[in-house]
$ cat run37.tsv   # TSV, C-alpha atoms
chain	number	residue	atom	x	y	z
A	189	MET	CA	-30.19	-22.49	-28.23
A	190	LYS	CA	-28.76	-23.69	-31.54
A	191	VAL	CA	-25.10	-22.69	-31.81
A	192	PRO	CA	-24.00	-21.94	-35.39
A	193	GLU	CA	-21.97	-24.73	-36.97
A	194	GLU	CA	-19.05	-22.39	-37.68
A	195	PHE	CA	-18.19	-22.41	-33.97
A	196	SER	CA	-18.15	-26.20	-33.55
A	197	GLU	CA	-14.34	-26.50	-33.46
A	198	ILE	CA	-13.73	-23.83	-30.84
A	199	ARG	CA	-16.80	-23.63	-28.57
A	200	PRO	CA	-17.38	-25.26	-25.17
A	201	TYR	CA	-19.64	-28.29	-24.97
A	202	GLU	CA	-23.36	-27.76	-25.13
A	203	PRO	CA	-25.65	-29.35	-22.48
A	204	GLU	CA	-26.66	-32.26	-24.73
A	205	GLU	CA	-22.97	-33.17	-25.20
A	206	MET	CA	-22.00	-33.23	-21.53
A	207	LYS	CA	-22.91	-36.84	-20.71
A	208	GLN	CA	-20.94	-38.32	-23.59
A	209	ALA	CA	-17.98	-36.02	-22.88
A	210	PHE	CA	-17.96	-37.25	-19.27
A	211	GLU	CA	-18.00	-40.89	-20.39
A	212	ASP	CA	-15.13	-40.19	-22.79
A	213	LEU	CA	-13.19	-38.66	-19.90
A	214	LEU	CA	-13.69	-41.71	-17.70
A	215	ASN	CA	-12.52	-43.98	-20.53
A	216	ASP	CA	-9.35	-41.98	-21.20
A	217	ARG	CA	-6.29	-44.08	-20.33
A	218	GLN	CA	-4.01	-41.16	-19.41
A	219	LEU	CA	-6.61	-39.57	-17.13
A	220	ASN	CA	-7.21	-42.91	-15.41
A	221	VAL	CA	-3.51	-43.14	-14.59
A	222	ILE	CA	-3.74	-39.69	-12.96
A	223	LEU	CA	-6.92	-40.56	-11.04
A	224	LYS	CA	-5.32	-43.80	-9.83
A	225	GLY	CA	-2.52	-41.71	-8.33
A	226	PHE	CA	-5.05	-39.90	-6.12
A	227	ALA	CA	-6.63	-43.14	-4.83
A	228	PRO	CA	-4.39	-46.14	-5.69
A	229	TRP	CA	-6.32	-48.33	-3.25
A	230	LEU	CA	-9.62	-47.77	-5.10
A	231	PRO	CA	-10.32	-50.14	-8.05
A	232	LYS	CA	-11.13	-48.42	-11.33
A	233	PRO	CA	-14.74	-49.73	-11.63
A	234	ILE	CA	-15.59	-48.44	-8.14
A	235	ARG	CA	-13.79	-45.12	-8.69
A	236	ASN	CA	-15.53	-44.47	-11.99
A	237	GLY	CA	-18.84	-45.62	-10.55
A	238	LEU	CA	-18.54	-43.05	-7.77
A	239	LEU	CA	-17.71	-40.35	-10.32
A	240	ARG	CA	-20.74	-41.30	-12.39
A	241	LEU	CA	-22.87	-41.10	-9.27
A	242	ALA	CA	-21.48	-37.63	-8.53
A	243	PHE	CA	-22.27	-36.62	-12.12
A	244	THR	CA	-25.98	-37.39	-11.60
A	245	GLY	CA	-28.02	-34.25	-12.22
A	246	VAL	CA	-25.22	-32.45	-14.07
A	247	LYS	CA	-26.81	-31.18	-17.27
A	248	THR	CA	-24.82	-28.06	-18.21
A	249	PRO	CA	-21.21	-26.84	-18.05
A	250	LEU	CA	-22.28	-24.51	-15.20
A	251	ASP	CA	-23.61	-27.53	-13.28
A	252	PHE	CA	-20.28	-29.27	-13.89
A	253	GLN	CA	-18.34	-26.29	-12.58
A	254	LYS	CA	-20.43	-26.09	-9.41
A	255	ARG	CA	-20.36	-29.85	-8.75
A	256	PHE	CA	-16.76	-30.72	-9.62
A	257	MET	CA	-14.61	-27.65	-10.19
A	258	LYS	CA	-15.79	-25.34	-7.41
A	259	PRO	CA	-14.77	-27.73	-4.58
A	260	ILE	CA	-11.34	-28.20	-6.18
A	261	VAL	CA	-10.79	-24.45	-6.56
A	262	LYS	CA	-12.01	-23.84	-3.00
A	263	TYR	CA	-9.46	-26.41	-1.79
A	264	ILE	CA	-6.66	-24.64	-3.70
A	265	ILE	CA	-7.72	-21.32	-2.16
A	266	ARG	CA	-7.67	-22.80	1.36
A	267	LYS	CA	-4.38	-24.65	0.98
A	268	TYR	CA	-2.29	-22.47	-1.31
A	269	THR	CA	-3.44	-18.89	-0.61
A	270	ASP	CA	-4.02	-16.67	2.41
A	271	GLY	CA	-7.45	-15.76	1.09
A	272	CYS	CA	-9.02	-14.78	-2.22
A	273	THR	CA	-11.18	-11.64	-2.36
A	274	PHE	CA	-13.52	-10.23	-5.01
A	275	ASP	CA	-13.70	-6.48	-4.43
A	276	ASP	CA	-16.51	-5.21	-6.67
A	277	LYS	CA	-17.60	-2.29	-4.46
A	278	GLY	CA	-16.66	0.31	-7.08
A	279	PHE	CA	-18.17	-1.71	-9.89
A	280	THR	CA	-21.66	-2.75	-8.87
A	281	GLY	CA	-24.83	-0.75	-9.34
A	282	PRO	CA	-28.57	-1.44	-9.62
A	283	GLY	CA	-29.03	-4.64	-11.64
A	284	SER	CA	-25.31	-5.01	-12.30
A	285	ARG	CA	-25.25	-8.64	-11.20
A	286	GLU	CA	-27.85	-9.51	-13.84
A	287	LEU	CA	-25.82	-8.08	-16.73
A	288	ARG	CA	-23.23	-10.03	-18.72
A	289	TYR	CA	-19.63	-8.88	-19.05
A	290	THR	CA	-16.45	-9.46	-20.97
A	291	PHE	CA	-13.72	-9.36	-18.34
A	292	VAL	CA	-10.36	-8.32	-19.80
A	293	SER	CA	-7.68	-8.81	-17.17
A	294	ASN	CA	-3.99	-8.92	-16.53
A	295	HIS	CA	-2.72	-12.50	-16.58
A	296	ARG	CA	-1.08	-14.16	-13.59
A	297	ASP	CA	-1.82	-17.89	-13.82
A	298	ILE	CA	-2.58	-20.13	-16.80
A	299	VAL	CA	-5.39	-22.00	-15.06
A	300	LEU	CA	-6.42	-20.13	-11.95
A	301	ASP	CA	-7.08	-16.61	-13.27
A	302	SER	CA	-10.46	-17.66	-14.61
A	303	ALA	CA	-11.06	-20.48	-12.09
A	304	PHE	CA	-10.80	-18.14	-9.10
A	305	LEU	CA	-13.04	-15.65	-10.91
A	306	ASP	CA	-15.68	-18.34	-11.51
A	307	VAL	CA	-15.88	-19.20	-7.81
A	308	MET	CA	-15.94	-15.58	-6.68
A	309	LEU	CA	-18.72	-14.63	-9.11
A	310	VAL	CA	-20.90	-17.48	-7.87
A	311	ASP	CA	-20.15	-16.69	-4.21
A	312	ALA	CA	-20.91	-12.99	-4.80
A	313	GLY	CA	-24.36	-13.80	-6.16
A	314	TYR	CA	-23.76	-13.49	-9.90
A	315	PRO	CA	-26.00	-15.92	-11.82
A	316	THR	CA	-23.27	-17.51	-13.92
A	317	THR	CA	-19.51	-17.85	-14.35
A	318	VAL	CA	-17.33	-17.04	-17.38
A	319	GLU	CA	-16.49	-18.71	-20.64
A	320	ILE	CA	-12.74	-18.55	-21.06
A	321	GLY	CA	-10.31	-18.36	-23.95
A	322	ILE	CA	-7.51	-20.93	-23.65
A	323	GLY	CA	-4.63	-21.42	-26.09
A	324	ASP	CA	-4.61	-24.70	-27.97
A	325	ASN	CA	-0.89	-25.01	-27.16
A	326	LEU	CA	-1.99	-26.05	-23.66
A	327	LEU	CA	-4.46	-28.69	-24.89
A	328	ILE	CA	-1.73	-31.27	-25.34
A	329	TYR	CA	-3.80	-34.34	-24.38
A	330	PRO	CA	-7.35	-35.27	-25.46
A	331	TRP	CA	-8.53	-35.44	-21.83
A	332	ILE	CA	-7.36	-31.86	-21.17
A	333	LYS	CA	-9.29	-30.60	-24.20
A	334	ARG	CA	-12.43	-32.45	-23.11
A	335	LEU	CA	-12.13	-31.23	-19.53
A	336	VAL	CA	-11.71	-27.56	-20.44
A	337	ARG	CA	-14.61	-27.70	-22.93
A	338	MET	CA	-16.79	-29.12	-20.14
A	339	ASN	CA	-15.52	-26.23	-18.03
A	340	LYS	CA	-16.83	-23.51	-20.40
A	341	ALA	CA	-13.61	-22.96	-22.34
A	342	PHE	CA	-13.37	-21.93	-25.98
A	343	THR	CA	-10.19	-22.51	-27.96
A	344	VAL	CA	-7.72	-19.80	-28.98
A	345	ARG	CA	-5.64	-21.12	-31.87
A	346	ARG	CA	-1.90	-20.45	-31.67
A	347	GLY	CA	1.08	-20.86	-33.97
A	348	LEU	CA	-0.76	-20.00	-37.21
A	349	SER	CA	0.36	-18.18	-40.33
A	350	LEU	CA	-0.60	-14.52	-40.66
A	351	ARG	CA	-3.52	-15.37	-42.94
A	352	GLU	CA	-4.75	-18.19	-40.68
A	353	THR	CA	-4.41	-15.96	-37.62
A	354	LEU	CA	-6.68	-13.33	-39.18
A	355	SER	CA	-9.33	-15.93	-40.02
A	356	ALA	CA	-9.10	-17.53	-36.55
A	357	SER	CA	-9.36	-14.12	-34.85
A	358	GLN	CA	-12.47	-13.21	-36.84
A	359	LEU	CA	-14.09	-16.52	-35.91
A	360	MET	CA	-13.23	-16.16	-32.24
A	361	SER	CA	-14.54	-12.60	-32.17
A	362	ARG	CA	-17.83	-13.66	-33.73
A	363	TYR	CA	-18.10	-16.40	-31.14
A	364	ILE	CA	-17.44	-14.02	-28.22
A	365	HIS	CA	-20.15	-11.65	-29.44
A	366	PHE	CA	-22.52	-14.59	-29.87
A	367	ALA	CA	-21.76	-15.92	-26.37
A	368	VAL	CA	-22.43	-12.56	-24.69
A	369	THR	CA	-25.45	-11.40	-26.68
A	370	LYS	CA	-27.20	-14.69	-27.56
A	371	LYS	CA	-26.04	-17.30	-25.03
A	372	ASN	CA	-26.14	-14.73	-22.23
A	373	GLU	CA	-22.70	-15.72	-20.96
A	374	ASN	CA	-19.84	-13.80	-19.39
A	375	ILE	CA	-16.40	-13.97	-21.03
A	376	TRP	CA	-12.92	-13.86	-19.53
A	377	ILE	CA	-9.94	-13.13	-21.76
A	378	SER	CA	-6.39	-12.02	-21.04
A	379	GLN	CA	-5.34	-8.49	-22.03
A	380	ARG	CA	-2.49	-9.98	-24.08
A	381	GLU	CA	-1.27	-13.24	-25.52
A	382	GLY	CA	0.57	-15.02	-22.72
A	383	ARG	CA	1.54	-13.67	-19.34
A	384	ALA	CA	3.57	-10.50	-18.80
A	385	LYS	CA	6.69	-12.17	-17.44
A	386	ASP	CA	7.79	-8.97	-15.68
A	387	SER	CA	4.28	-8.06	-14.41
A	388	ASN	CA	4.34	-4.89	-16.51
A	389	ASP	CA	0.73	-5.42	-17.52
A	390	ARG	CA	-0.29	-3.76	-20.80
A	391	THR	CA	-3.35	-4.38	-22.95
A	392	GLN	CA	-2.43	-5.27	-26.51
A	393	ASP	CA	-4.19	-3.27	-29.20
A	394	ALA	CA	-4.51	-6.52	-31.13
A	395	VAL	CA	-6.78	-8.02	-28.44
A	396	LEU	CA	-9.18	-5.07	-28.67
A	397	LYS	CA	-9.12	-5.11	-32.46
A	398	MET	CA	-9.92	-8.82	-32.35
A	399	LEU	CA	-12.89	-8.18	-30.05
A	400	ALA	CA	-14.17	-5.52	-32.47
A	401	MET	CA	-14.06	-7.82	-35.51
A	402	GLY	CA	-17.31	-9.53	-34.53
A	403	GLY	CA	-19.40	-6.43	-33.84
A	404	ASP	CA	-19.76	-3.33	-31.71
A	405	LEU	CA	-17.43	-3.32	-28.67
A	406	LYS	CA	-20.18	-1.78	-26.54
A	407	GLU	CA	-22.36	-4.88	-26.79
A	408	LEU	CA	-19.61	-6.89	-25.08
A	409	ASN	CA	-19.84	-4.72	-21.93
A	410	ILE	CA	-16.07	-4.91	-21.41
A	411	VAL	CA	-14.75	-4.65	-17.84
A	412	PRO	CA	-11.04	-4.10	-17.09
A	413	LEU	CA	-10.21	-6.52	-14.27
A	414	THR	CA	-7.17	-6.43	-11.97
A	415	ILE	CA	-5.70	-9.63	-10.52
A	416	SER	CA	-3.23	-9.11	-7.67
A	417	TYR	CA	-1.15	-11.98	-6.24
A	418	GLU	CA	1.00	-11.33	-3.20
A	419	TYR	CA	3.42	-14.03	-4.39
A	420	ASP	CA	3.68	-15.58	-7.83
A	421	PRO	CA	4.71	-19.25	-7.45
A	422	CYS	CA	6.00	-19.23	-11.04
A	423	ASP	CA	8.23	-16.18	-10.53
A	424	TYR	CA	11.44	-18.22	-10.54
A	425	LEU	CA	10.39	-20.03	-13.74
A	426	LYS	CA	9.76	-16.67	-15.41
A	427	ALA	CA	13.17	-15.39	-14.24
A	428	GLN	CA	14.79	-18.58	-15.51
A	429	GLU	CA	13.13	-18.10	-18.89
A	430	PHE	CA	14.46	-14.52	-19.04
A	431	GLN	CA	18.02	-15.84	-18.71
A	432	GLN	CA	17.44	-18.67	-21.17
A	433	LYS	CA	16.20	-16.20	-23.78
A	434	ARG	CA	19.02	-13.79	-22.98
A	435	ASP	CA	21.64	-16.50	-23.46
A	436	ASN	CA	19.89	-18.10	-26.43
A	437	PRO	CA	17.52	-15.78	-28.36
A	438	ALA	CA	16.09	-18.84	-30.18
A	439	PHE	CA	15.01	-20.51	-26.91
A	440	LYS	CA	11.40	-21.71	-26.78
A	441	LYS	CA	9.55	-23.41	-23.97
A	442	SER	CA	8.68	-27.07	-24.41
A	443	ARG	CA	5.33	-28.70	-23.74
A	444	GLN	CA	6.80	-30.02	-20.51
A	445	ASP	CA	7.70	-26.46	-19.52
A	446	ASP	CA	4.04	-25.45	-20.02
A	447	LEU	CA	2.89	-28.38	-17.88
A	448	ASP	CA	5.41	-27.47	-15.16
A	449	ASN	CA	4.12	-23.89	-15.16
A	450	MET	CA	0.53	-25.13	-14.86
A	451	LYS	CA	1.35	-27.51	-12.01
A	452	ILE	CA	3.42	-25.02	-10.00
A	453	GLY	CA	0.87	-22.27	-10.63
A	454	LEU	CA	-1.86	-24.51	-9.24
A	455	PHE	CA	-0.06	-25.90	-6.22
A	456	GLY	CA	2.39	-23.13	-5.33
A	457	TYR	CA	1.92	-20.61	-2.50
A	458	LYS	CA	0.31	-17.34	-3.59
A	459	GLY	CA	-0.24	-15.42	-0.36
A	460	ARG	CA	-3.19	-13.02	-0.57
A	461	VAL	CA	-5.13	-12.77	-3.83
A	462	VAL	CA	-7.47	-9.92	-4.79
A	463	TYR	CA	-9.70	-9.48	-7.86
A	464	ARG	CA	-10.91	-5.93	-8.50
A	465	PRO	CA	-13.07	-4.93	-11.52
A	466	ALA	CA	-13.06	-1.35	-12.79
A	467	LEU	CA	-16.10	0.38	-14.26
A	468	PRO	CA	-17.22	-1.06	-17.63
A	469	ILE	CA	-15.69	0.82	-20.55
A	470	ASN	CA	-19.22	1.62	-21.77
A	471	THR	CA	-19.32	4.32	-19.08
A	472	TRP	CA	-16.61	6.29	-20.92
A	473	ILE	CA	-15.83	4.80	-24.36
A	474	ASP	CA	-17.92	7.43	-26.21
A	475	GLU	CA	-15.34	10.02	-25.14
A	476	LEU	CA	-12.96	8.36	-27.64
A	477	SER	CA	-15.43	8.13	-30.53
A	478	ASP	CA	-13.98	11.02	-32.55
A	479	LEU	CA	-10.46	9.58	-32.67
A	480	PRO	CA	-9.06	8.03	-35.89
A	481	LYS	CA	-9.31	4.23	-35.76
A	482	ALA	CA	-5.60	3.55	-35.16
A	483	GLU	CA	-5.48	6.14	-32.39
A	484	PHE	CA	-8.78	4.91	-30.96
A	485	TYR	CA	-7.47	1.43	-30.10
A	486	LYS	CA	-4.24	2.80	-28.67
A	487	SER	CA	-6.15	5.25	-26.46
A	488	LEU	CA	-8.67	2.58	-25.46
A	489	ALA	CA	-5.87	0.22	-24.39
A	490	GLU	CA	-4.12	2.96	-22.42
A	491	ARG	CA	-7.28	3.94	-20.60
A	492	MET	CA	-8.12	0.31	-19.80
A	493	ASP	CA	-4.59	-0.09	-18.47
A	494	LYS	CA	-5.11	2.84	-16.11
A	495	GLY	CA	-8.20	1.10	-14.75
A	496	ILE	CA	-6.26	-2.13	-14.27
A	497	HIS	CA	-3.25	-0.40	-12.72
A	498	ARG	CA	-5.36	1.62	-10.30
A	499	GLY	CA	-6.96	-1.63	-9.17
A	500	TYR	CA	-3.74	-3.28	-7.99
A	501	GLN	CA	-3.74	-4.47	-4.42
A	502	LEU	CA	-0.18	-3.72	-3.33
A	503	TYR	CA	1.59	-5.75	-0.65
A	504	PRO	CA	4.72	-5.09	1.43
A	505	CYS	CA	6.81	-7.23	-0.96
A	506	ASN	CA	5.95	-4.90	-3.87
A	507	TYR	CA	7.29	-1.84	-2.05
A	508	ILE	CA	10.34	-3.72	-0.75
A	509	ALA	CA	11.23	-4.84	-4.28
A	510	LEU	CA	10.94	-1.30	-5.65
A	511	ASP	CA	13.11	0.14	-2.89
A	512	GLU	CA	15.77	-2.53	-3.38
A	513	LEU	CA	15.88	-1.91	-7.12
A	514	ASN	CA	16.19	1.84	-6.53
A	515	GLY	CA	18.71	1.44	-3.72
A	516	ASN	CA	16.67	3.54	-1.27
A	517	SER	CA	13.95	3.27	1.38
A	518	ASP	CA	11.43	5.73	-0.06
A	519	HIS	CA	8.50	3.39	0.56
A	520	SER	CA	9.57	2.02	3.93
A	521	SER	CA	6.35	3.24	5.55
A	522	TYR	CA	4.56	0.41	3.71
A	523	TYR	CA	6.59	-2.42	5.27
A	524	THR	CA	8.33	-3.50	8.45
A	525	ASP	CA	11.69	-5.13	9.12
A	526	ALA	CA	9.82	-8.42	9.56
A	527	ASP	CA	8.18	-7.96	6.14
A	528	LYS	CA	11.59	-7.35	4.63
A	529	GLN	CA	13.10	-10.44	6.23
A	530	ARG	CA	10.18	-12.58	5.11
A	531	PHE	CA	10.48	-11.39	1.50
A	532	GLU	CA	14.23	-11.93	1.50
A	533	GLU	CA	13.75	-15.52	2.69
A	534	TYR	CA	11.09	-16.04	0.06
A	535	LEU	CA	13.36	-14.74	-2.73
A	536	SER	CA	16.26	-16.92	-1.57
A	537	ASN	CA	14.07	-20.02	-1.56
A	538	GLN	CA	12.71	-19.27	-5.03
A	539	MET	CA	16.16	-18.52	-6.44
A	540	ALA	CA	17.41	-21.86	-5.11
A	541	LYS	CA	14.85	-23.63	-7.32
A	542	ILE	CA	16.40	-22.27	-10.52
A	543	ASN	CA	18.48	-24.96	-12.20
A	544	LEU	CA	20.67	-23.51	-14.95
A	545	PRO	CA	24.26	-24.50	-15.83
A	546	ASP	CA	25.42	-20.84	-15.97
A	547	LYS	CA	23.14	-19.41	-13.31
A	548	ASP	CA	23.45	-15.62	-13.27
A	549	GLU	CA	22.38	-14.84	-9.70
A	550	ALA	CA	22.47	-11.04	-10.04
A	551	PHE	CA	20.46	-11.03	-13.27
A	552	LEU	CA	17.89	-13.51	-11.95
A	553	ARG	CA	17.42	-11.56	-8.72
A	554	GLU	CA	16.94	-8.32	-10.64
A	555	ARG	CA	14.33	-9.98	-12.83
A	556	MET	CA	12.40	-11.27	-9.84
A	557	LEU	CA	12.53	-7.93	-8.03
A	558	THR	CA	11.27	-6.21	-11.20
A	559	MET	CA	8.23	-8.53	-11.28
A	560	TYR	CA	7.23	-7.38	-7.81
A	561	ALA	CA	8.15	-3.72	-8.30
A	562	ASN	CA	6.30	-3.05	-11.57
A	563	PRO	CA	2.77	-3.04	-10.07
A	564	VAL	CA	3.84	-0.20	-7.72
A	565	LYS	CA	5.37	1.76	-10.61
A	566	ASN	CA	2.26	1.33	-12.74
A	567	LYS	CA	-0.18	2.19	-9.97
A	568	LEU	CA	1.75	5.36	-9.12
A	569	ALA	CA	1.86	6.35	-12.79
A	570	ALA	CA	-1.91	5.74	-13.15
A	571	GLY	CA	-2.63	8.27	-10.42
$ encode --input "run37.tsv" --output "structure tokens"
Amino acid sequence: MKVPEEFSEIRPYEPEEMKQAFEDLLNDRQLNVILKGFAPWLPKPIRNGLLRLAFTGVKTPLDFQKRFMKPIVKYIIRKYTDGCTFDDKGFTGPGSRELRYTFVSNHRDIVLDSAFLDVMLVDAGYPTTVEIGIGDNLLIYPWIKRLVRMNKAFTVRRGLSLRETLSASQLMSRYIHFAVTKKNENIWISQREGRAKDSNDRTQDAVLKMLAMGGDLKELNIVPLTISYEYDPCDYLKAQEFQQKRDNPAFKKSRQDDLDNMKIGLFGYKGRVVYRPALPINTWIDELSDLPKAEFYKSLAERMDKGIHRGYQLYPCNYIALDELNGNSDHSSYYTDADKQRFEEYLSNQMAKINLPDKDEAFLRERMLTMYANPVKNKLAAG
């Protein structure tokens, strides 16, 4: 299918571009330094020759994901989680696996939110994975940009003026509608710009308004998706950032901070991980059709949030955190003394990783407990 020229700067690679993109990757100096670190005993010509051999038969981004990315993600699941589950029992119906969806989810990890979803969709029998929106602030090296475009990513432009942001949002929305309705692709996009540092997951009206710029929301077949981590390996970095912003309101993360978050998110322990889609909004969105436009998007976001909040998989650590914050044991039936000891040891180890000159232990602990308590609060409020 011919993709309109207007999308050339933001879209993933097309099949006819994959071979050249792969060659460009292998010739990238920075990437070769990284690859050498994995196998320093293997000369570059042999290493790249083996990679070219592995690339044989890869014609599309989906082929690339199955050949190269799926084994890597499976390894991360085995080594750094206690299992990753896709619970679509309340979501599937006749022919549902053959439809295409726009998954709008809470955001836990910069890289893995969509990568885990890709693997679970394929393993569950869905015919394809998702195209993902990724901020250009993370595409700090040419090899990263090439790799994510080979991996079905489209670019979300950040740091623009108000006028530029409007134009970029309109373009991205048109592309998302094109990808779902013409390319027959699924989409994954976060419910908000950036991660909710305190795990108080709320869908931004602006995201829904952006999706509506390119056409009717119903044609996107939007599905609220809940991602539940037992442990967030970046929790201490988020707590640290809370203090840095408290002490210096002008504080901004550096590129190195983003890379550190990506690395720790990838290779940190996550415990159990569950993905749970709610019913597509098309099953109920017409109930909101008589609302004024401003109220419509607010109500739509709130109802999507209820679907996401009801889908949380709660773990003992979530209930322990809420009880500690509240200074009671109201939810003690959901955890044991051993659970409590394990979580306390986990918190102590994470807190020890925070390196700040004026480390505010009480504040940092409260921030971390809040991250784990908020999913319980939201699920209870959602009913």
$ residues_around --input "run37.tsv" --residues "Pro249 of chain A" --least-positions-apart "4" --cutoff "8 Å" --atoms "all atoms listed in the file" --output "PDB file with C-alpha atoms, in the frame of the given file"
ATOM      1  CA  TYR A 201     -19.640 -28.290 -24.970  1.00  0.00           C
ATOM      2  CA  GLU A 202     -23.360 -27.760 -25.130  1.00  0.00           C
ATOM      3  CA  PRO A 203     -25.650 -29.350 -22.480  1.00  0.00           C
ATOM      4  CA  MET A 206     -22.000 -33.230 -21.530  1.00  0.00           C
ATOM      5  CA  GLN A 253     -18.340 -26.290 -12.580  1.00  0.00           C
ATOM      6  CA  MET A 338     -16.790 -29.120 -20.140  1.00  0.00           C
ATOM      7  CA  ASN A 339     -15.520 -26.230 -18.030  1.00  0.00           C
ATOM      8  CA  LYS A 340     -16.830 -23.510 -20.400  1.00  0.00           C
TER       9      LYS A 340
END
$ residues_around --input "run37.tsv" --residues "segment 350-357 of chain A" --least-positions-apart "6" --cutoff "12 Å" --atoms "all atoms listed in the file" --output "short mmCIF file (atom, residue, chain, number, x, y, z; two decimals) with C-alpha atoms, keeping the file's coordinate frame"
data_model
loop_
_atom_site.label_atom_id
_atom_site.label_comp_id
_atom_site.auth_asym_id
_atom_site.auth_seq_id
_atom_site.Cartn_x
_atom_site.Cartn_y
_atom_site.Cartn_z
CA GLU A 194 -19.05 -22.39 -37.68
CA PHE A 195 -18.19 -22.41 -33.97
CA GLU A 197 -14.34 -26.50 -33.46
CA ILE A 198 -13.73 -23.83 -30.84
CA GLY A 321 -10.31 -18.36 -23.95
CA THR A 343 -10.19 -22.51 -27.96
CA VAL A 344 -7.72 -19.80 -28.98
CA TYR A 363 -18.10 -16.40 -31.14
CA ILE A 364 -17.44 -14.02 -28.22
CA ALA A 394 -4.51 -6.52 -31.13
CA VAL A 395 -6.78 -8.02 -28.44
CA LEU A 396 -9.18 -5.07 -28.67
CA LYS A 397 -9.12 -5.11 -32.46
CA MET A 398 -9.92 -8.82 -32.35
CA LEU A 399 -12.89 -8.18 -30.05
CA ALA A 400 -14.17 -5.52 -32.47
CA MET A 401 -14.06 -7.82 -35.51
CA GLY A 402 -17.31 -9.53 -34.53
#
$ closest_residue --input "run37.tsv" --among "A:Ile542, A:Leu230, A:Ile375, A:Ile322" --to "Asp306 of chain A" --atoms "all atoms listed in the file"
A:Ile375
$ residues_around --input "run37.tsv" --residues "Asn537 of chain A" --least-positions-apart "5" --cutoff "12 Å" --atoms "all atoms listed in the file" --output "list in words"
Pro421, Asp423, Tyr424, Arg530, Phe531, Glu532, Ile542 and Arg553 of chain A
$ atom_distance --input "run37.tsv" --atom1 "atom CA of Asp525 of chain A" --atom2 "atom CA of Cys272 of chain A"
25.5 Å
$ atom_distance --input "run37.tsv" --atom1 "atom CA of Ala509 of chain A" --atom2 "atom CA of Val564 of chain A"
9.4 Å
$ residues_around --input "run37.tsv" --residues "Phe243 of chain A" --least-positions-apart "6" --cutoff "12 Å" --atoms "only C-alpha atoms" --output "MDAnalysis selection string"
chainID A and resid 206:211 214 236:237 249 251:257
$ closest_atom_pairs --input "run37.tsv" --of "segment 218-287 of chain A" --to "segment 442-460 of chain A" --cutoff "7 Å" --atoms "only C-alpha atoms" --output "Markdown table"
| residue | atom | partner | partner_atom | distance |
| --- | --- | --- | --- | --- |
| A:Tyr268 | CA | A:Tyr457 | CA | 4.8 |
| A:Thr269 | CA | A:Gly459 | CA | 4.7 |
| A:Asp270 | CA | A:Arg460 | CA | 4.8 |
| A:Gly271 | CA | A:Arg460 | CA | 5.3 |
| A:Cys272 | CA | A:Arg460 | CA | 6.3 |
$ closest_residue --input "run37.tsv" --among "A:Lys565, A:Lys385, A:Lys426, A:His497" --to "Gln538 of chain A" --atoms "all atoms listed in the file"
A:Lys426
$ residues_near_point --input "run37.tsv" --point "(-9.3, -13.9, -21.9)" --cutoff "9 Å" --atoms "only C-alpha atoms" --output "list in words"
Thr290, Phe291, Val292, Ser293, His295, Ser302, Glu319, Ile320, Gly321, Ile322, Ile375, Trp376, Ile377, Ser378, Gln379, Arg380 and Glu381 of chain A
$ atom_distance --input "run37.tsv" --atom1 "atom CA of Glu483 of chain A" --atom2 "atom CA of Leu413 of chain A"
22.6 Å
$ residues_around --input "run37.tsv" --residues "Glu512 of chain A" --least-positions-apart "6" --cutoff "10 Å" --atoms "only C-alpha atoms" --output "PDB file with C-alpha atoms, keeping the file's coordinate frame"
ATOM      1  CA  ASP A 518      11.430   5.730  -0.060  1.00  0.00           C
ATOM      2  CA  GLU A 554      16.940  -8.320 -10.640  1.00  0.00           C
ATOM      3  CA  LEU A 557      12.530  -7.930  -8.030  1.00  0.00           C
ATOM      4  CA  THR A 558      11.270  -6.210 -11.200  1.00  0.00           C
ATOM      5  CA  ALA A 561       8.150  -3.720  -8.300  1.00  0.00           C
TER       6      ALA A 561
END
$ closest_residue --input "run37.tsv" --among "A:Lys547, A:Arg464, A:Arg555, A:Arg199" --to "Ile415 of chain A" --atoms "only C-alpha atoms"
A:Arg464
$ closest_residue --input "run37.tsv" --among "A:Gly403, A:Pro192, A:Gly323, A:Gly347" --to "Gly382 of chain A" --atoms "all atoms listed in the file"
A:Gly323
$ axis_aligned_box --input "run37.tsv" --around "segment 542-551 of chain A" --padding-each-side "8 Å" --output "AutoDock Vina command-line options"
--center_x 20.9 --center_y -18.0 --center_z -12.8 --size_x 25.0 --size_y 29.9 --size_z 22.3
